[in-house]
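One structure below.
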Protein chains: 2
Amino acid sequence: MAQKPSIPKGTRDFSPSEVAKRQHIISIIKNNFEKFGFQPIETPSFENSETLMGKYGEEGDRLIFKILNSGDYLAKADEKALQNKESNKLTSSISEKALRYDLTVPFARYVVQHQNDIEFPFKRYQIQPVWRADRPQKGRFREFFQCDADVVGSKSLWQEVELVQLYDAVFTDLGLKEATIKINNRKILSGIAEVIGASDKLIDFTVALDKLDKIGEDGVKTEMIEKGISAEAIQKVQLLFNFTGTISEKIEKLAQLLATSKEGMKGVEELQFICSTVLELGLSTAILDLDVTLARGLNYYTGAIFEVAPPKAVAMGSIGGGGRYDDLTGIFGLKDMSGVGISFGLDRIYLVVEELGLFPENVTNTTKALFINYGEKEAFYSMKAIKELRNFGIKVELYPDTVKVGKQFMHADKRTIPFAIIVGETEMNEGKFALKNLISGEQVSLDFEDLKKELLK
Amino acid sequence: MAQKPSIPKGTRDFSPSEVAKRQHIISIIKNNFEKFGFQPIETPSFENSETLMGKYGEEGDRLIFKILNSGDYLAKADEKALQNKESNKLTSSISEKALRYDLTVPFARYVVQHQNDIEFPFKRYQIQPVWRADRPQKGRFREFFQCDADVVGSKSLWQEVELVQLYDAVFTDLGLKEATIKINNRKILSGIAEVIGASDKLIDFTVALDKLDKIGEDGVKTEMIEKGISAEAIQKVQLLFNFTGTISEKIEKLAQLLATSKEGMKGVEELQFICSTVLELGLSTAILDLDVTLARGLNYYTGAIFEVAPPKAVAMGSIGGGGRYDDLTGIFGLKDMSGVGISFGLDRIYLVVEELGLFPENVTNTTKALFINYGEKEAFYSMKAIKELRNFGIKVELYPDTVKVGKQFMHADKRTIPFAIIVGETEMNEGKFALKNLISGEQVSLDFEDLKKELLK
C-alpha cells in the first residue's frame, strides 16, 4: 500500500538549514518592524469567501484557493449550475471559505471588525503565508510568505519617510548594501496623464518610457506613437526624456512639467517633502531614487508608490514594494481611513542574500557538541553533564545508540557539529571529558568547568 | 456595498497583545527544542489528498478540509457521483489537495521523500498551524498551532528520557511549576489485556479504573463487570486497585502482576529504565508519574505513552502528549523507522499561563517612548533623535500628525507606552528633550546622551 510521496506543485518543504536561513531574514524584518513601532497581528488562514472575492479583480478571483464545504455539500449546491456543469457558478454554493490571497484585504477586514478596540493611527505588521493558484515557475510559488507593515488612520507623510527608513534599516541589517528604493507618486502619474491628455494610455506611456536606456529616445517615441499617443502629447513631456540629475533636480523638472496640473503639483509637493526629509536624515546603505516610470498598483495606490530593486550585482526583480491607498477599509464600510504600507518579498530576498553570500556563517549551526555513546554507564555520566550544559544554554546532544564509534563521528560530521565529547572508563574515573575539535582534530581532556567554558566560547 | 466583516467560525484573529503572549510561549518551546538538538522543518499547508486521506480513520477523513480544484473542476468530475449527488464519492474527483490535519503525517511523508538527504537519527521539530473541520467549542478551534518534536531512526530509550526532560525544561522556563508528566507504556497495557484475557475490553478496563478516586473500588469493579469483564479477570489484577506509592514501588507491582506476560515484562523493563534514569538525573519543576490508566493513541503507539496535566490549581485537560510508534513511515513505504515524539498544546498552555498570571509583565510592551508632534520643525528635530535611538535598539515613535497634545498623550496612554518625549522651542534651542514618565508624571530635561541612557534602562 506504499505511496510514492510527493507534495503539490508550487509548494515547498523547507529543510532545517532553509528554515534557519528564512528565520534569519524574518527575524531581522520583525525586529525592525517592532523598532519602528509596528505591532504584530495574525488573521486566520482562510476567510469567508465574500471577504476575499471581488477584491483582486477577475484574475485574482480565479487564483483564490477555495475550500470545499464539509459534509454533504451537494445538498445545498446550485441545482442549475450542477445540471449545466458550470463550475464557476457552482462554486459559491459548495464553498464558503477561501485561503487568503494577500495580507492587505484581511488587514482591512480586521481593522473594520475590531475598530472599537483599535487605537488609531494603528501601525501593524503581519508575517504569514498566502496562497495563489498561479502557474508555478522559477521564484513563483503557490504558497509563500508575505511580510507587511502598514499604518492606518493617518495621512501624515512622516509615515512615508519612516517606511523608507525601515527599508534601509532592514537591508542594512541583512548586509545587503545599495538596494535602490524607488519612489513615485500616483498624483505625478495622474498629472502626466493630464498633461498628455490620455489617462487611458498611462500604462503604455510608462512602459515605453521605462525602455529609454535600452532603445533610446527615438525608440521610445516610436513605441508611444504606435500605442496611439500623439506626437504633440509626447512633445509636452519632453523633459522626461532627459530625466537625470539629483532627486531635487528631478523634482524641479516635474514641477515645471506639471505646473498646469493641480493634482500633479500636489504629487510634486509630497515627493518633495518625503525625499528631502529622507535625504536630510540620511540613509545607511540604501539608495533613494525617484522613478516616474514606477506605476505599480495604479488601481489602489493614491499617493506614494514604492518599489525596491536589489543591488545591481544581482539580476532579479523587485524585492519589495508598497504605497499609500486613501481608502483602505471602504470596501468593508469604514470610510476615510488612509493607509500606507510596504511589503518585503521574502523568497527573492532569500535568493539575493544567498547569491551575495550574506548569510552569517553560523546561521545553520545548531548543536555545538555530540557526546559519543560508549554504553549505558558512559551515557548516564554524559547525560548528567548534558543536563548541566543545557542549563547554560549550550546545545549538546548524546548519540542515542551504542553503535560503532566511527558511525557516531560520521553522524557529527554530516551534521557539521563542530565538537565531539568522548567519555570512556578513564574519563569517568578522573571526572573528565575528552573534547575533540572535529575540524582541527585536536583533543583535550577537561573537567566540567573547563568544558563548559570551552563550549561557551 | 459595505459588508459586515466577520471570520469563519472556529477561527481567530490575534491582536498585538495576544500575538506577543503566544510568541512568548512559542519562543520558549523553540529555544528548548533547539537546546535539545531538534532541528526545524516546515512543510506545505496543503498536501496531496492521497497523502492525508485514510491516515486518521473515517472520522479524521471527514474532518480534513479539502481544497476545490482550480478552473473548470466539473469537467473532470465523477459523472455518476454528480448525477446521484453523492458528495462523498464526488470529492476526490473535484479536489486533489487538502489542508494538513496534523504535523505527524506530513513529517512521515517528509522523511520518506527526503530520506537520502537526512542524517538519521533525525531529530526534527515543527511549529505550524493545522486545520480540522471539527465542531468549534470552548478551547477547540478549526485552525490551531501544533508544536511537535520527534526523533526518527533510533529505538534508544534515551530519547524518552530526554523528552521528559524537555517537557520539564519548557514548563520550568514558562514558570509553570508542578506540571505532571504522566507516563505509561503500550506494552504494559497489552500485558494487562493478556492477563485479564480480554484485549477487546482494554479501553473499558482503563476507563473504569481511572474512576477509582471518584467511585471507589466497588464502583469500579461493578462498572467492569457491567462491561463484560469477568470477576475472575478482575481478581487477577487486584494489585491495580492499590496502585500507590513511589514510581519504583508501582513498577514493582507491575512486575508481579505481569510476570506471565512477555510483552508486559518488556514494558516493565522499559518503564524501569526511563523512570529511574529521569529521577536520578532529576527534574527541575515537573512531577513524573506512572499512570496505568493512560491509554491514548492505542492504535499507533507501541512503547512509551506520555501525557501532561497542568498544575493542580488549574482545571484543564492535558497540555501535552506523545509516545513511541515503531513504524512511523511504513505508510509511505519506508519500513523499520521507529519514531518517538511529544507535542505541546499551545492554546491550552496559553490559558494556563494566563490563569496563573505567569506572563512576564513586559511581554506586551512594545514602544518605549512616544515623541509628541508639535509641528514640522519639531518633528524633524525629533526624527533625528528617533533614528539614532533606533540604532541602539530602542523602540521609539513619532506621533505622525500635529494634532492636539492631549490627544497624543491619550494615544500613548491607551497603548500603555511608558514615556512621552516633548520637544518644543526651548528644547530645540537648548539641544534637549523633555522626558515625561507617564506613570509617575515626573518630567526631566535631558540631552541626547542622557535620554538614550534613560531609555536603555
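Here's how to read the names in the C-alpha cells: chain A, B, ... by the order shown, residue numbers from 1 in each chain, ligand numbers from 1 in the order shown.
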
Go ahead and align chain A to chain B (same sequence, so just pair every C-alpha in order, least squares) and export the moved chain as a compact mmCIF listing (two decimals) with C-alpha atoms, in the first residue's frame.
```txt
# COMPACT_ATOMS: atom_id res chain seq x y z
CA MET A 1 -21.69 47.58 -0.95
CA ALA A 2 -20.34 47.45 2.58
CA GLN A 3 -20.26 43.96 4.09
CA LYS A 4 -20.34 43.38 7.81
CA PRO A 5 -16.99 41.69 8.24
CA SER A 6 -16.59 38.45 10.18
CA ILE A 7 -14.35 35.39 10.22
CA PRO A 8 -15.26 31.70 9.78
CA LYS A 9 -16.41 29.97 12.96
CA GLY A 10 -13.68 28.17 14.83
CA THR A 11 -11.00 30.61 13.62
CA ARG A 12 -9.45 33.54 15.44
CA ASP A 13 -7.88 36.92 14.91
CA PHE A 14 -4.96 37.54 17.23
CA SER A 15 -4.45 41.08 18.51
CA PRO A 16 -0.95 42.48 19.14
CA SER A 17 -0.99 41.51 22.81
CA GLU A 18 -2.26 38.01 22.03
CA VAL A 19 0.44 37.54 19.39
CA ALA A 20 3.07 38.74 21.88
CA LYS A 21 1.90 36.27 24.52
CA ARG A 22 1.74 33.39 22.05
CA GLN A 23 5.20 34.30 20.82
CA HIS A 24 6.48 34.24 24.39
CA ILE A 25 5.36 30.61 24.75
CA ILE A 26 6.46 29.59 21.26
CA SER A 27 9.94 31.04 21.67
CA ILE A 28 10.46 29.17 24.95
CA ILE A 29 9.37 25.93 23.28
CA LYS A 30 11.56 26.64 20.26
CA ASN A 31 14.63 27.51 22.33
CA ASN A 32 14.34 24.29 24.27
CA PHE A 33 13.72 22.20 21.16
CA GLU A 34 16.98 23.58 19.78
CA LYS A 35 18.85 23.21 23.05
CA PHE A 36 17.93 19.52 22.95
CA GLY A 37 19.25 19.17 19.39
CA PHE A 38 15.99 19.25 17.44
CA GLN A 39 16.11 20.96 14.07
CA PRO A 40 13.21 22.84 12.46
CA ILE A 41 11.48 21.80 9.27
CA GLU A 42 8.41 23.26 7.59
CA THR A 43 6.01 21.47 5.28
CA PRO A 44 3.32 22.94 2.99
CA SER A 45 -0.06 23.88 4.47
CA PHE A 46 -1.77 21.60 2.01
CA GLU A 47 -0.73 18.11 0.93
CA ASN A 48 -1.92 15.89 -1.89
CA SER A 49 -5.15 14.33 -0.63
CA GLU A 50 -3.80 10.78 -0.93
CA THR A 51 -1.04 11.70 1.55
CA LEU A 52 -3.60 12.52 4.24
CA MET A 53 -6.71 10.45 3.53
CA GLY A 54 -7.00 7.13 5.33
CA LYS A 55 -4.39 8.03 7.95
CA TYR A 56 -6.69 9.26 10.71
CA GLY A 57 -9.60 6.82 10.50
CA GLU A 58 -13.03 7.51 9.05
CA GLU A 59 -13.74 10.32 11.49
CA GLY A 60 -10.41 11.95 10.64
CA ASP A 61 -11.08 11.77 6.90
CA ARG A 62 -14.35 13.59 7.48
CA LEU A 63 -12.64 16.35 9.46
CA ILE A 64 -9.98 17.09 6.85
CA PHE A 65 -10.53 20.37 4.96
CA LYS A 66 -10.51 19.69 1.22
CA ILE A 67 -9.46 22.27 -1.34
CA LEU A 68 -11.54 22.59 -4.48
CA ASN A 69 -9.58 22.11 -7.71
CA SER A 70 -9.00 25.33 -9.65
CA GLY A 71 -10.58 26.13 -13.00
CA ASP A 72 -13.35 24.05 -14.53
CA TYR A 73 -13.25 21.36 -11.86
CA LEU A 74 -16.58 19.83 -12.91
CA ALA A 75 -15.08 18.76 -16.23
CA LYS A 76 -13.27 15.91 -14.47
CA ALA A 77 -15.97 15.24 -11.88
CA ASP A 78 -17.16 11.69 -11.24
CA GLU A 79 -20.25 11.60 -13.47
CA LYS A 80 -22.14 9.03 -11.45
CA ALA A 81 -21.49 10.65 -8.08
CA LEU A 82 -22.61 13.95 -9.59
CA GLN A 83 -25.85 12.47 -10.92
CA ASN A 84 -26.64 10.77 -7.63
CA LYS A 85 -25.52 13.79 -5.62
CA GLU A 86 -23.17 11.67 -3.52
CA SER A 87 -20.90 14.24 -1.93
CA ASN A 88 -18.57 11.68 -0.40
CA LYS A 89 -17.90 9.88 -3.65
CA LEU A 90 -17.58 13.07 -5.65
CA THR A 91 -14.92 14.70 -3.49
CA SER A 92 -11.83 12.93 -4.77
CA SER A 93 -12.70 13.87 -8.37
CA ILE A 94 -13.06 17.61 -7.70
CA SER A 95 -10.46 18.03 -4.92
CA GLU A 96 -6.84 16.87 -5.10
CA LYS A 97 -5.42 18.77 -2.16
CA ALA A 98 -6.27 19.07 1.52
CA LEU A 99 -5.13 21.16 4.50
CA ARG A 100 -2.87 19.26 6.87
CA TYR A 101 -4.64 17.71 9.83
CA ASP A 102 -1.61 17.25 12.06
CA LEU A 103 2.18 17.47 11.79
CA THR A 104 2.96 13.78 12.19
CA VAL A 105 1.77 12.46 8.83
CA PRO A 106 3.46 15.33 6.90
CA PHE A 107 6.62 14.59 8.91
CA ALA A 108 6.48 10.90 7.96
CA ARG A 109 5.95 11.92 4.33
CA TYR A 110 8.90 14.34 4.59
CA VAL A 111 11.20 11.68 6.01
CA VAL A 112 10.38 9.20 3.27
CA GLN A 113 10.56 11.77 0.47
CA HIS A 114 13.90 13.19 1.64
CA GLN A 115 15.38 10.03 3.15
CA ASN A 116 18.56 10.30 1.08
CA ASP A 117 19.29 13.81 2.37
CA ILE A 118 18.54 13.08 5.99
CA GLU A 119 21.17 12.02 8.51
CA PHE A 120 19.52 9.55 10.92
CA PRO A 121 18.67 9.55 13.78
CA PHE A 122 16.79 12.68 12.73
CA LYS A 123 15.54 14.98 15.47
CA ARG A 124 13.09 17.43 14.00
CA TYR A 125 10.71 19.98 15.41
CA GLN A 126 7.84 21.66 13.66
CA ILE A 127 5.65 24.54 14.86
CA GLN A 128 2.92 25.19 12.33
CA PRO A 129 -0.88 25.51 12.16
CA VAL A 130 -3.15 22.56 11.43
CA TRP A 131 -6.81 22.56 10.45
CA ARG A 132 -9.74 20.35 11.46
CA ALA A 133 -13.40 20.71 10.48
CA ASP A 134 -14.40 19.85 14.04
CA ARG A 135 -17.42 21.36 15.74
CA PRO A 136 -15.91 24.46 17.38
CA GLN A 137 -16.30 24.74 21.16
CA LYS A 138 -14.53 26.32 24.12
CA GLY A 139 -10.82 25.70 23.63
CA ARG A 140 -11.33 23.76 20.39
CA PHE A 141 -10.63 25.57 17.14
CA ARG A 142 -10.65 24.80 13.44
CA GLU A 143 -7.22 26.35 13.02
CA PHE A 144 -4.63 25.87 15.73
CA PHE A 145 -0.88 25.50 16.14
CA GLN A 146 0.88 22.26 16.93
CA CYS A 147 4.37 22.24 18.41
CA ASP A 148 5.94 18.83 17.84
CA ALA A 149 9.37 17.36 18.49
CA ASP A 150 10.10 13.86 17.19
CA VAL A 151 13.14 11.65 16.72
CA VAL A 152 13.08 9.09 13.96
CA GLY A 153 15.57 6.30 13.29
CA SER A 154 16.57 5.15 16.76
CA LYS A 155 14.99 2.79 19.26
CA SER A 156 17.13 4.08 22.11
CA LEU A 157 15.18 4.75 25.30
CA TRP A 158 17.48 7.72 25.96
CA GLN A 159 15.08 9.59 23.68
CA GLU A 160 12.22 9.01 26.08
CA VAL A 161 14.42 10.18 28.94
CA GLU A 162 15.27 13.35 27.04
CA LEU A 163 11.67 14.03 26.04
CA VAL A 164 10.64 14.01 29.70
CA GLN A 165 13.50 16.41 30.43
CA LEU A 166 12.36 18.56 27.52
CA TYR A 167 8.86 18.86 28.94
CA ASP A 168 10.39 19.76 32.30
CA ALA A 169 12.67 22.40 30.73
CA VAL A 170 9.85 24.11 28.83
CA PHE A 171 7.42 24.22 31.73
CA THR A 172 10.18 25.43 34.04
CA ASP A 173 11.05 28.27 31.67
CA LEU A 174 7.37 29.20 31.48
CA GLY A 175 7.26 29.41 35.28
CA LEU A 176 4.67 26.67 35.25
CA LYS A 177 5.57 24.60 38.32
CA GLU A 178 4.42 21.09 39.13
CA ALA A 179 3.09 20.07 35.79
CA THR A 180 2.57 16.30 35.98
CA ILE A 181 4.23 14.29 33.23
CA LYS A 182 2.30 11.03 33.15
CA ILE A 183 3.98 8.07 31.57
CA ASN A 184 2.70 4.65 30.60
CA ASN A 185 3.71 2.02 28.05
CA ARG A 186 1.64 0.35 25.36
CA LYS A 187 3.27 -2.95 26.29
CA ILE A 188 2.02 -2.62 29.88
CA LEU A 189 -1.48 -2.15 28.50
CA SER A 190 -1.05 -5.16 26.21
CA GLY A 191 0.20 -7.12 29.19
CA ILE A 192 -2.85 -6.16 31.25
CA ALA A 193 -5.14 -7.12 28.38
CA GLU A 194 -3.33 -10.43 28.17
CA VAL A 195 -3.69 -11.06 31.90
CA ILE A 196 -7.39 -10.20 31.97
CA GLY A 197 -7.81 -12.19 28.78
CA ALA A 198 -9.77 -9.48 27.01
CA SER A 199 -7.81 -7.25 24.68
CA ASP A 200 -11.01 -5.88 23.13
CA LYS A 201 -12.05 -4.61 26.57
CA LEU A 202 -8.83 -2.73 27.23
CA ILE A 203 -10.31 0.76 26.82
CA ASP A 204 -13.36 -0.09 28.93
CA PHE A 205 -10.98 -1.39 31.56
CA THR A 206 -8.73 1.68 31.67
CA VAL A 207 -11.65 4.11 31.53
CA ALA A 208 -13.28 2.38 34.51
CA LEU A 209 -10.02 2.13 36.45
CA ASP A 210 -9.41 5.84 35.92
CA LYS A 211 -12.52 6.54 38.04
CA LEU A 212 -11.09 4.86 41.13
CA ASP A 213 -10.70 8.15 43.02
CA LYS A 214 -14.26 9.20 42.23
CA ILE A 215 -16.38 6.07 42.56
CA GLY A 216 -14.20 3.79 44.67
CA GLU A 217 -13.10 0.19 44.17
CA ASP A 218 -16.61 -1.27 44.24
CA GLY A 219 -17.90 1.29 41.77
CA VAL A 220 -15.07 0.57 39.36
CA LYS A 221 -15.57 -3.17 39.61
CA THR A 222 -19.31 -2.82 39.02
CA GLU A 223 -18.64 -0.77 35.90
CA MET A 224 -16.08 -3.30 34.65
CA ILE A 225 -18.52 -6.16 35.10
CA GLU A 226 -21.23 -4.16 33.32
CA LYS A 227 -18.83 -3.77 30.43
CA GLY A 228 -18.41 -7.55 30.25
CA ILE A 229 -15.11 -8.01 32.06
CA SER A 230 -15.29 -11.14 34.21
CA ALA A 231 -14.93 -11.05 38.00
CA GLU A 232 -12.16 -13.60 37.62
CA ALA A 233 -10.21 -11.29 35.29
CA ILE A 234 -10.66 -8.39 37.66
CA GLN A 235 -9.37 -10.52 40.50
CA LYS A 236 -6.16 -11.15 38.56
CA VAL A 237 -5.34 -7.45 38.47
CA GLN A 238 -6.39 -6.70 42.04
CA LEU A 239 -2.99 -5.04 42.55
CA LEU A 240 -4.09 -2.16 40.29
CA PHE A 241 -6.76 -1.19 42.83
CA ASN A 242 -4.07 -0.33 45.30
CA PHE A 243 -1.69 1.20 42.77
CA THR A 244 -0.03 3.77 45.02
CA GLY A 245 3.44 4.51 46.33
CA THR A 246 6.58 5.70 44.61
CA ILE A 247 7.18 5.03 40.96
CA SER A 248 9.57 2.20 41.74
CA GLU A 249 6.97 0.65 44.04
CA LYS A 250 4.44 0.89 41.24
CA ILE A 251 6.84 -0.70 38.80
CA GLU A 252 7.42 -3.46 41.36
CA LYS A 253 3.68 -4.12 41.42
CA LEU A 254 3.50 -4.20 37.65
CA ALA A 255 6.36 -6.70 37.53
CA GLN A 256 4.39 -8.98 39.86
CA LEU A 257 1.17 -8.52 37.95
CA LEU A 258 2.60 -9.05 34.49
CA ALA A 259 5.11 -11.78 35.31
CA THR A 260 3.40 -14.18 32.91
CA SER A 261 3.28 -11.73 29.98
CA LYS A 262 6.43 -11.46 27.90
CA GLU A 263 5.15 -8.28 26.28
CA GLY A 264 4.11 -6.85 29.61
CA MET A 265 7.51 -7.55 31.17
CA LYS A 266 9.20 -5.80 28.26
CA GLY A 267 7.06 -2.78 29.11
CA VAL A 268 8.07 -3.01 32.77
CA GLU A 269 11.73 -3.07 31.76
CA GLU A 270 11.34 0.00 29.53
CA LEU A 271 9.43 1.95 32.17
CA GLN A 272 12.03 0.95 34.72
CA PHE A 273 14.90 2.36 32.64
CA ILE A 274 13.11 5.57 31.67
CA CYS A 275 11.71 6.41 35.09
CA SER A 276 14.76 5.54 37.16
CA THR A 277 17.07 7.45 34.82
CA VAL A 278 14.82 10.51 34.74
CA LEU A 279 14.53 10.53 38.52
CA GLU A 280 18.24 10.01 39.04
CA LEU A 281 19.08 12.88 36.68
CA GLY A 282 16.40 14.94 38.41
CA LEU A 283 13.59 17.18 37.19
CA SER A 284 13.57 20.93 37.83
CA THR A 285 9.89 21.64 38.48
CA ALA A 286 7.79 18.92 36.85
CA ILE A 287 6.49 15.77 38.52
CA LEU A 288 6.86 12.37 36.86
CA ASP A 289 4.01 9.95 37.45
CA LEU A 290 3.36 6.44 36.26
CA ASP A 291 -0.30 6.16 35.23
CA VAL A 292 -1.50 2.77 33.97
CA THR A 293 -4.85 4.25 32.95
CA LEU A 294 -3.13 6.43 30.38
CA ALA A 295 -4.27 4.85 27.12
CA ARG A 296 -4.07 7.49 24.37
CA GLY A 297 -3.10 6.64 20.84
CA LEU A 298 -3.58 2.90 21.27
CA ASN A 299 -3.82 2.51 17.50
CA TYR A 300 -0.34 3.81 16.80
CA TYR A 301 1.79 4.01 19.95
CA THR A 302 3.82 0.87 20.54
CA GLY A 303 6.05 1.85 23.49
CA ALA A 304 6.06 4.82 25.84
CA ILE A 305 2.92 6.94 26.12
CA PHE A 306 3.10 10.47 27.58
CA GLU A 307 0.53 12.97 28.71
CA VAL A 308 1.02 16.16 30.69
CA ALA A 309 -1.51 17.52 33.17
CA PRO A 310 -1.30 21.19 34.19
CA PRO A 311 -0.62 22.17 37.83
CA LYS A 312 -3.45 21.03 40.08
CA ALA A 313 -4.58 24.60 40.76
CA VAL A 314 -5.90 24.77 37.19
CA ALA A 315 -8.89 22.75 36.01
CA MET A 316 -7.89 21.91 32.46
CA GLY A 317 -7.28 18.86 30.29
CA SER A 318 -3.87 17.73 29.12
CA ILE A 319 -1.40 20.34 27.88
CA GLY A 320 0.82 17.91 26.01
CA GLY A 321 1.19 14.33 24.93
CA GLY A 322 3.17 11.91 22.85
CA GLY A 323 4.68 8.48 22.62
CA ARG A 324 6.66 5.97 20.60
CA TYR A 325 5.42 4.47 17.35
CA ASP A 326 7.55 1.67 15.96
CA ASP A 327 6.57 2.12 12.36
CA LEU A 328 6.20 5.82 11.68
CA THR A 329 7.00 5.83 7.99
CA GLY A 330 5.66 2.44 6.90
CA ILE A 331 2.53 4.04 5.42
CA PHE A 332 4.83 5.69 2.87
CA GLY A 333 6.93 2.63 2.19
CA LEU A 334 9.93 3.10 4.45
CA LYS A 335 9.98 0.21 6.91
CA ASP A 336 11.59 -0.17 10.33
CA MET A 337 11.81 3.49 11.23
CA SER A 338 10.99 3.82 14.89
CA GLY A 339 9.88 7.23 15.99
CA VAL A 340 9.17 8.87 19.32
CA GLY A 341 7.87 12.34 19.93
CA ILE A 342 5.96 14.80 22.05
CA SER A 343 3.64 17.67 21.38
CA PHE A 344 2.82 20.88 23.26
CA GLY A 345 -0.77 22.12 23.31
CA LEU A 346 -0.21 25.84 22.67
CA ASP A 347 -3.78 27.04 23.21
CA ARG A 348 -4.23 25.28 26.53
CA ILE A 349 -0.76 26.24 27.75
CA TYR A 350 -1.71 29.85 26.93
CA LEU A 351 -4.84 29.58 29.07
CA VAL A 352 -2.92 28.00 31.96
CA VAL A 353 -0.14 30.60 31.85
CA GLU A 354 -2.78 33.35 31.69
CA GLU A 355 -4.81 31.92 34.56
CA LEU A 356 -1.76 31.58 36.79
CA GLY A 357 -0.56 35.08 35.89
CA LEU A 358 2.75 33.81 34.57
CA PHE A 359 3.18 36.02 31.51
CA PRO A 360 6.08 38.41 32.18
CA GLU A 361 4.85 41.92 32.95
CA ASN A 362 6.58 43.40 29.93
CA VAL A 363 5.53 40.69 27.45
CA THR A 364 3.24 43.04 25.55
CA ASN A 365 5.43 46.12 25.95
CA THR A 366 6.51 47.37 22.64
CA THR A 367 7.17 51.07 22.12
CA LYS A 368 9.19 52.66 24.92
CA ALA A 369 8.52 56.33 24.21
CA LEU A 370 6.27 58.46 22.01
CA PHE A 371 7.62 61.75 20.67
CA ILE A 372 4.82 64.33 20.80
CA ASN A 373 4.38 66.09 17.47
CA TYR A 374 4.26 69.90 17.80
CA GLY A 375 4.84 70.72 14.13
CA GLU A 376 7.12 70.15 11.20
CA LYS A 377 10.28 71.70 12.67
CA GLU A 378 9.87 69.92 16.00
CA ALA A 379 9.06 66.66 14.24
CA PHE A 380 12.22 66.90 12.18
CA TYR A 381 14.32 67.56 15.31
CA SER A 382 12.60 64.56 16.93
CA MET A 383 13.09 62.32 13.94
CA LYS A 384 16.85 62.85 14.03
CA ALA A 385 16.87 61.60 17.62
CA ILE A 386 14.48 58.76 16.80
CA LYS A 387 16.79 57.51 14.08
CA GLU A 388 19.74 57.50 16.50
CA LEU A 389 17.78 55.83 19.29
CA ARG A 390 16.58 53.08 16.98
CA ASN A 391 20.19 52.38 16.05
CA PHE A 392 20.64 51.44 19.69
CA GLY A 393 17.66 49.11 19.50
CA ILE A 394 15.35 51.45 21.41
CA LYS A 395 11.73 51.33 20.25
CA VAL A 396 10.54 54.91 19.83
CA GLU A 397 7.91 56.55 17.67
CA LEU A 398 6.82 59.98 16.49
CA TYR A 399 3.11 60.71 16.66
CA PRO A 400 2.57 61.22 12.95
CA ASP A 401 0.13 64.13 12.98
CA THR A 402 0.25 67.59 14.52
CA VAL A 403 -2.98 67.26 16.46
CA LYS A 404 -3.98 68.44 19.94
CA VAL A 405 -1.38 67.45 22.51
CA GLY A 406 -4.03 65.91 24.76
CA LYS A 407 -5.01 63.51 22.00
CA GLN A 408 -1.39 62.48 21.55
CA PHE A 409 -0.94 61.80 25.27
CA MET A 410 -4.18 59.83 25.23
CA HIS A 411 -2.74 57.74 22.38
CA ALA A 412 0.38 56.92 24.45
CA ASP A 413 -1.83 56.08 27.41
CA LYS A 414 -4.13 53.75 25.49
CA ARG A 415 -1.17 51.93 24.04
CA THR A 416 0.47 51.76 27.50
CA ILE A 417 3.61 53.46 26.20
CA PRO A 418 5.53 54.35 29.39
CA PHE A 419 7.22 57.60 28.28
CA ALA A 420 6.40 60.68 26.23
CA ILE A 421 9.10 62.96 24.87
CA ILE A 422 8.29 66.61 24.42
CA VAL A 423 10.21 68.81 22.04
CA GLY A 424 9.24 72.48 21.87
CA GLU A 425 11.01 75.74 21.01
CA THR A 426 12.95 75.69 24.31
CA GLU A 427 14.19 72.14 23.89
CA MET A 428 15.26 72.76 20.30
CA ASN A 429 17.20 75.87 21.26
CA GLU A 430 18.94 74.10 24.12
CA GLY A 431 19.47 70.78 22.30
CA LYS A 432 17.38 69.01 24.91
CA PHE A 433 14.45 66.61 25.24
CA ALA A 434 11.77 66.69 27.93
CA LEU A 435 11.19 63.11 29.04
CA LYS A 436 7.88 62.57 30.82
CA ASN A 437 7.18 59.43 32.79
CA LEU A 438 3.54 58.74 32.00
CA ILE A 439 2.98 56.67 35.11
CA SER A 440 4.56 58.92 37.75
CA GLY A 441 4.00 62.16 35.82
CA GLU A 442 7.60 63.14 36.55
CA GLN A 443 9.33 65.17 33.83
CA VAL A 444 13.02 65.84 33.27
CA SER A 445 14.98 67.78 30.67
CA LEU A 446 17.82 65.75 29.20
CA ASP A 447 20.42 66.02 26.48
CA PHE A 448 20.54 63.23 23.90
CA GLU A 449 23.09 61.06 25.69
CA ASP A 450 21.15 61.10 28.95
CA LEU A 451 17.90 60.49 27.12
CA LYS A 452 19.43 57.44 25.50
CA LYS A 453 20.73 56.17 28.84
CA GLU A 454 17.34 56.67 30.47
CA LEU A 455 15.51 54.79 27.71
CA LEU A 456 18.02 51.95 27.70
CA LYS A 457 17.29 51.25 31.40
```

Query raised in the report: Hey, what does DSSP flag as alpha helix (DSSP H) within stretch 227-327 of chain A? Can you give it to me as an MDAnalysis selection string?
Result: chainID A and resid 231:236 247:257 262:281

What parts of stretch 100-319 of chain B does DSSP call strand (DSSP E)? I'd like the answer as a CSV table (one decimal) with C-alpha atoms, in the first residue's frame.
```
chain,number,residue,atom,x,y,z
B,122,PHE,CA,16.8,12.7,12.7
B,123,LYS,CA,15.5,15.0,15.5
B,124,ARG,CA,13.1,17.4,14.0
B,125,TYR,CA,10.7,20.0,15.4
B,126,GLN,CA,7.8,21.7,13.6
B,127,ILE,CA,5.6,24.6,14.8
B,128,GLN,CA,2.9,25.2,12.3
B,129,PRO,CA,-0.9,25.6,12.1
B,130,VAL,CA,-3.2,22.6,11.4
B,131,TRP,CA,-6.8,22.6,10.4
B,143,GLU,CA,-7.2,26.4,12.9
B,144,PHE,CA,-4.6,25.9,15.7
B,145,PHE,CA,-0.9,25.5,16.1
B,146,GLN,CA,0.8,22.3,16.9
B,147,CYS,CA,4.3,22.3,18.4
B,148,ASP,CA,5.9,18.8,17.8
B,149,ALA,CA,9.3,17.4,18.5
B,150,ASP,CA,10.1,13.9,17.2
B,151,VAL,CA,13.1,11.6,16.7
B,152,VAL,CA,13.0,9.1,14.0
B,180,THR,CA,2.5,16.3,36.0
B,181,ILE,CA,4.2,14.3,33.2
B,182,LYS,CA,2.3,11.0,33.2
B,183,ILE,CA,4.0,8.1,31.6
B,184,ASN,CA,2.7,4.6,30.6
B,185,ASN,CA,3.7,2.0,28.1
B,287,ILE,CA,6.5,15.8,38.5
B,288,LEU,CA,6.8,12.4,36.9
B,289,ASP,CA,4.0,10.0,37.5
B,290,LEU,CA,3.3,6.4,36.3
B,304,ALA,CA,6.0,4.8,25.9
B,305,ILE,CA,2.9,6.9,26.2
B,306,PHE,CA,3.1,10.5,27.6
B,307,GLU,CA,0.5,13.0,28.7
B,308,VAL,CA,1.0,16.2,30.7
B,309,ALA,CA,-1.5,17.5,33.2
```
